[in-house]
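Below: the structure, in structure tokens.
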Amino acid sequence: MNTASITEPVLLILLSLAKRPRHGYAILQDTLEMSDGRMRLSTGTLYGALNRLLKEGWIERYDGDDQSRGKQSYRLTAAGRRNLQVEVSRLKHLARVAGLRVARKET
Amino acid sequence: MLRLYRSLLALYPAPYRREYADEMLSVLAQVEGNAAHATAWSKISLRTREATGLLLGALVEHARYITGLPVAPVLFPRRSRMRSEFRFPKATPILMTVILVAVIMAIEKAKAISDSLPPSSTPIPPIQPEHFSTVTTFLVILALAFSSAVIGWLVTFTLRRSGVQRFSDVHTGANEVRKS
């Protein structure tokens, strides 16, 4: 998976894991909070994305304190963090260009 | 409700189920528990979203296992773009409804006028070509050409407003896969 194919749900999942390792339900809550309630991921969608990110080596399983049933945590790998930084830089550039274009249009 | 989710999880391929089914069921139980005091509409919305997500997830995973692709096009990256670029103007359905109502009303009015007239036994004679003068014929042709031009312009204008011409700018996900 290259960074060009990152969708908004995947980006939010990566951003959620960028801060600290989280388990499935915590990721759902965090993505909802980050998107101001706009992005309500279903469990099927979340695990489809987690599976994809695991297979690509962007995230890994993390055995934290709470290892009870269904509390498997995930965290970013070094490669995942690097790719996320590339994507964030791309979005920053896009936002800057968009801001300039919109400002020119208004004047 | 968890029973329904469990049965939907059974639709996933076995390796996927072994890896994630317990975890997903646990998350679904937490989601359901969190929505215990939600309104009926919120519960319906949530359960529909979860059930749809599981069904689509099962389809995507099966496709991935069948095709043998390392990564399936999960989450349909280009799906939302078509929605934002191709849409009819909001006034189109209203305009179409008004035109339809006007046509129906005209038909009804014509029927009423036809019924109100006394039946005539004398047949209407056929229109003879000599009834038309050269000037009249020319004016009729001119009117027809003008009407055709107006209709053509209206069709072009409607298509432009609907955004059909933007189809030429659409980039498909398949193209990007080939490029990468």
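Letters A, B, ... go to the chains of the structure tokens in the order shown; residues in each chain start at 1; ligands are counted from 1 in the same order.
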With a distance threshold of 8 Å and counting only C-alpha atoms, extract the residues of chain B near chain A and express them as a list in words.
Tyr20, Asp22, Glu23, Met24, Leu25, Ser26, Val27, Leu28, Gln30, Val31, Arg49, Glu50, Gly53, Leu54, Leu55, Leu56, Gly57, Glu61, Val71, Val74, Leu75 and Pro77 of chain B
So which residues of stretch 6-96 of chain A fall under strand (DSSP E) by DSSP, listed as a PyMOL selection string?
chain A and resi 22-23+59-62+73-76
Enumerate as a ChimeraX atom specification all residues of chain A assigned to helix (DSSP H, G or I) by DSSP on the backbone, naming them with the chain letters and numbers the document uses.
/A:3-5,8-19,24-34,43-55,78-106
Take atom CA of B:Thr92 and atom CA of B:Val155 and report the distance between them in Å, one decimal.
12.3 Å
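Minimum distance to A:Met34 across A:Leu91, A:Leu15, A:Ala98, A:Leu50 (counting only C-alpha atoms) occurs at A:Leu15.
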